[in-house]
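Novice: Handing you this structure, nothing more for now.
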Amino acid sequence: MESFFWQVNDDYIKSLNMLSKKLRFAQVDPLLNASKALKDIKQELERLRKKALSKVSAYVIGIFSSMRKPGTNIQILQQNLLQKYRHLVLFLKEHGIEKYNDVCAAYVDKMNKVLSEDFRVYLEALESLKLDIGVSTDVIGYDANVVDLIPRGREQLRNHRFMFSLGERSNILKEIDQPGLVPCISEANSLKYPYEVIFRSLQKLLMDTASSEYIFIKAFFRDESMFYRVFEGPVAVIDENMKLTLANSHDAICLMLMICITKKHQLVMSNRRLPCLDTYLDKALIYLWPRFKTVFDMYIQSLYQCDAKMLWVDGTHPHHIVRCYMEFTASLIQLNAECGDGQLDMSLKRLRLAVDDLLVRFAEKFATQKLKHLFLLNNCDMAISILKVRFVLSCK
């Protein structure tokens with residue numbers, strides 16, 4: 001390999017460029033084609049062409065093979081070596097399309113496997129960092145299993161606050177293009193993260209890897225369609241993981257944050273002027289919105305179906321379920337203002353009607369009209385206070 005590497009040096013490339021010019025000239029000049037001089041050297045030109053095609057294709061495919069070696073920094077290899085020899089591929093494309101197709105197929109095969117495995121390993125490492133927030137029995141007022149959460153009162157709800165309140169989780173939207181998580185460092189510090197943090201890290205790696213790969217393929221092969229063949233494997237790995245994760249997700253705040261993250265990543269890629277992930281990011285939203293609406297409907301149905309008698313607390317102070325609802329509503333209003341497109345408006349109205357219905361059922365448990373009205377007034381006052389605080393925070 002060392003002797004072969006030495007042969008494909010700057011002098012060799014200059015000789016290859018000279019051969020390319022002669023071949024091109026012989027092909028396009030009709031007078032030369034008819035000349036006796038060309039007939040004398042045509043066989044020699046063809047011999048040189050075939051020899052060059054064989055040597056160049058073998059050399060480039062050899063480089064691609066080294067990409068699968070452990071510890072290989074592919075991006076540095078691309079920048080320092082392949083970019084230097086991009087004229088080799090141009091020679092193949094112009095004078096030996098079959099060899100060029102073989103080289104392209106070899107690159108697609110190698111990179112598809114390498115990147116698919118890299119993303120699979122990264123996803124497995126990220127899974128160990130996931131902080132579980134919310135299961136199907138944790139929705140507001142969930143009927144049959146409400147004893148798991150609601151009747152235990154405010155203390156239990158504080159342990160599930162992330163499910164109903166945005167809080168510091170909104171900071172993820174301010175770190176949208178920051179470096180992703182390094183699993184080994186997080187594990188060493190025993191850190192766990194809500195899933196939207198893991199999701200942002202995964203998409204950040206995907207964006208950076210795809211951007212680098214797209215730019216390289218466009219410059220080296222001058223065939224953008226190769227990018228999509230290279231990324232069929234990595235995207236399939238990510239899609240499979242996303243479908244599995246979404247099917248088991250009951251955290252509406254997380255799902256809405258993932259929608260916002262994806263929209264902001266669309267803007268990042270637009271600012272980079274790279275269209276390579278347009279289809280993937282659009283598809284991610286197609287996955288996320290229906291799941292969000294399914295989970296949101298679970299929240300609403302849980303309010304209509306819950307037993308008001310069992311959840312009722314004797315006292316006119318604001319009910320802890322209503323506080324959960326208002327925190328949840330305020331969080332969604334903030335996210336809707338951040339990156340909404342109108343899809344949340346009707347859903348929020350439906351949720352408000354469901355809580356209104358629950359409040360009325362609670363109020364009916366009081367013995368006098370005075371206590372009933374005082375209970376409703378205190379809950380409305382609490383709701384307004386929470387919305388005011390959220391509005392002030394969102395304006396900072």
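Lettering and numbering for the structure tokens are positional, with chains as A, B, ... in the shown order, residues counted from 1 in each chain, and ligands counted from 1 in the shown order.
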Which residues, written as a ChimeraX atom specification, have at least one atom at most 7 Å from region 323-332 of chain A, with only C-alpha atoms counted and residues fewer than 6 positions away on the same chain left out?
Specialist: /A:164-166,383,386-387,390
Novice: For all heavy atoms, I'd like the residues from the last selection saved as an mmCIF file, in the first residue's frame.
Specialist:
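Resulting contents of part_20.cif:
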data_model
loop_
_atom_site.group_PDB
_atom_site.id
_atom_site.type_symbol
_atom_site.label_atom_id
_atom_site.label_comp_id
_atom_site.auth_asym_id
_atom_site.auth_seq_id
_atom_site.Cartn_x
_atom_site.Cartn_y
_atom_site.Cartn_z
ATOM 1 N N PHE A 164 -46.005 18.642 34.154
ATOM 2 C CA PHE A 164 -47.033 19.657 33.998
ATOM 3 C C PHE A 164 -46.472 21.069 33.851
ATOM 4 O O PHE A 164 -47.168 21.958 33.366
ATOM 5 C CB PHE A 164 -47.982 19.628 35.202
ATOM 6 C CG PHE A 164 -48.548 18.270 35.481
ATOM 7 C CD1 PHE A 164 -48.259 17.607 36.660
ATOM 8 C CD2 PHE A 164 -49.356 17.646 34.548
ATOM 9 C CE1 PHE A 164 -48.778 16.344 36.910
ATOM 10 C CE2 PHE A 164 -49.881 16.386 34.793
ATOM 11 C CZ PHE A 164 -49.589 15.738 35.977
ATOM 12 N N SER A 165 -45.245 21.286 34.290
ATOM 13 C CA SER A 165 -44.677 22.633 34.283
ATOM 14 C C SER A 165 -43.402 22.682 33.443
ATOM 15 O O SER A 165 -42.546 21.799 33.551
ATOM 16 C CB SER A 165 -44.367 23.066 35.719
ATOM 17 O OG SER A 165 -43.802 24.359 35.729
ATOM 18 N N LEU A 166 -43.291 23.711 32.627
ATOM 19 C CA LEU A 166 -42.132 23.862 31.756
ATOM 20 C C LEU A 166 -40.876 24.180 32.554
ATOM 21 O O LEU A 166 -39.839 23.540 32.404
ATOM 22 C CB LEU A 166 -42.417 24.958 30.725
ATOM 23 C CG LEU A 166 -41.359 25.195 29.652
ATOM 24 C CD1 LEU A 166 -41.151 23.936 28.828
ATOM 25 C CD2 LEU A 166 -41.788 26.352 28.750
ATOM 26 N N ALA A 383 -55.423 30.701 38.870
ATOM 27 C CA ALA A 383 -55.145 30.509 37.450
ATOM 28 C C ALA A 383 -54.603 31.795 36.819
ATOM 29 O O ALA A 383 -53.620 31.768 36.065
ATOM 30 C CB ALA A 383 -56.418 30.069 36.727
ATOM 31 N N ILE A 386 -50.916 32.433 37.934
ATOM 32 C CA ILE A 386 -49.939 31.585 37.238
ATOM 33 C C ILE A 386 -49.706 32.090 35.819
ATOM 34 O O ILE A 386 -48.562 32.169 35.353
ATOM 35 C CB ILE A 386 -50.421 30.119 37.219
ATOM 36 C CG1 ILE A 386 -50.342 29.524 38.632
ATOM 37 C CG2 ILE A 386 -49.577 29.280 36.257
ATOM 38 C CD1 ILE A 386 -50.904 28.121 38.747
ATOM 39 N N LEU A 387 -50.772 32.459 35.129
ATOM 40 C CA LEU A 387 -50.643 32.951 33.755
ATOM 41 C C LEU A 387 -49.886 34.276 33.719
ATOM 42 O O LEU A 387 -49.100 34.517 32.799
ATOM 43 C CB LEU A 387 -52.022 33.105 33.122
ATOM 44 C CG LEU A 387 -52.755 31.794 32.812
ATOM 45 C CD1 LEU A 387 -54.167 32.080 32.325
ATOM 46 C CD2 LEU A 387 -51.997 30.983 31.767
ATOM 47 N N ARG A 390 -46.170 33.513 34.196
ATOM 48 C CA ARG A 390 -45.624 32.919 32.966
ATOM 49 C C ARG A 390 -45.446 33.966 31.892
ATOM 50 O O ARG A 390 -44.462 33.961 31.154
ATOM 51 C CB ARG A 390 -46.538 31.791 32.482
ATOM 52 C CG ARG A 390 -46.027 31.080 31.262
ATOM 53 C CD ARG A 390 -44.760 30.293 31.555
ATOM 54 N NE ARG A 390 -45.011 29.204 32.476
ATOM 55 C CZ ARG A 390 -44.086 28.412 32.957
ATOM 56 N NH1 ARG A 390 -42.836 28.593 32.616
ATOM 57 N NH2 ARG A 390 -44.380 27.440 33.811
#
Novice: Skipping near chain neighbours, those fewer than 4 positions away, what residues fall within 8 Å of region 173-180 of chain A using only C-alpha atoms, listed as a list in words?
Specialist: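 Once the adjacent positions are removed, what remains is Arg200, Ser201, Leu202, Lys204, Leu205, Leu257, Cys260, Ile261, Lys264, His265 and Val268 of chain A.
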Novice: Using only C-alpha atoms, please write the residues we just selected to a file, as a PDB file, in the first residue's frame.
Specialist:
ATOM      1  CA  ARG A 200     -31.591  17.702  20.847  1.00  0.00           C
ATOM      2  CA  SER A 201     -28.172  16.076  21.245  1.00  0.00           C
ATOM      3  CA  LEU A 202     -29.059  13.365  18.752  1.00  0.00           C
ATOM      4  CA  LYS A 204     -27.332  18.106  16.753  1.00  0.00           C
ATOM      5  CA  LEU A 205     -25.005  15.207  15.910  1.00  0.00           C
ATOM      6  CA  LEU A 257     -40.380  20.788  23.238  1.00  0.00           C
ATOM      7  CA  CYS A 260     -39.971  23.304  18.946  1.00  0.00           C
ATOM      8  CA  ILE A 261     -36.447  21.839  18.778  1.00  0.00           C
ATOM      9  CA  LYS A 264     -35.462  25.508  15.337  1.00  0.00           C
ATOM     10  CA  HIS A 265     -33.179  22.910  13.749  1.00  0.00           C
ATOM     11  CA  VAL A 268     -30.362  26.174  11.634  1.00  0.00           C
TER      12      VAL A 268
END
Novice: Between CA of Met111 (chain A) and CA of Tyr228 (chain A), measure the distance and give it in Å to one decimal.
Specialist: 11.3 Å
Novice: What's the 12 Å shell around Asn9 (chain A), counting only C-alpha atoms, without same-chain residues fewer than 6 positions away, as JSON, numbers by chain?
Specialist: {"A": [2, 3, 15, 16, 56, 59, 81, 84, 85, 87, 88]}
Novice: Considering only helix (DSSP H, G or I) as DSSP defines it on the backbone, what residues of region 55-215 of chain A qualify? List them as an NGL selection string.
Specialist: :A and (55-66 or 74-95 or 97-127 or 136-138 or 146-148 or 150-152 or 154-159 or 161-164 or 167-174 or 183-188 or 195-215)
Novice: Give the answer as one residue: which of A:Ala58, A:Leu48, A:Met226, A:Ile41 has the shortest atom-to-atom distance to Val8 (chain A), using only C-alpha atoms?
Specialist: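 That would be A:Ala58, the residue with the smallest distance to Val8 (chain A).
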Novice: Which of these residues is nearest to Asp239 (chain A), using only C-alpha atoms: A:Ala337, A:Leu123, A:Ile172, A:Cys306?
Specialist: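 Closest to Asp239 (chain A) of all the choices is A:Leu123.
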Novice: I'd like the interatomic distance between CA of Ile238 (chain A) and CA of Phe119 (chain A), to a tenth of an Å.
Specialist: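 Spanning CA of Ile238 (chain A) to CA of Phe119 (chain A) is a straight-line distance of 7.6 Å.
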Novice: Which residue, A:Tyr287, A:Met346, A:Ala236, A:Val60, has the smallest gap to Gln83 (chain A) when you use only C-alpha atoms?
Specialist: A:Val60
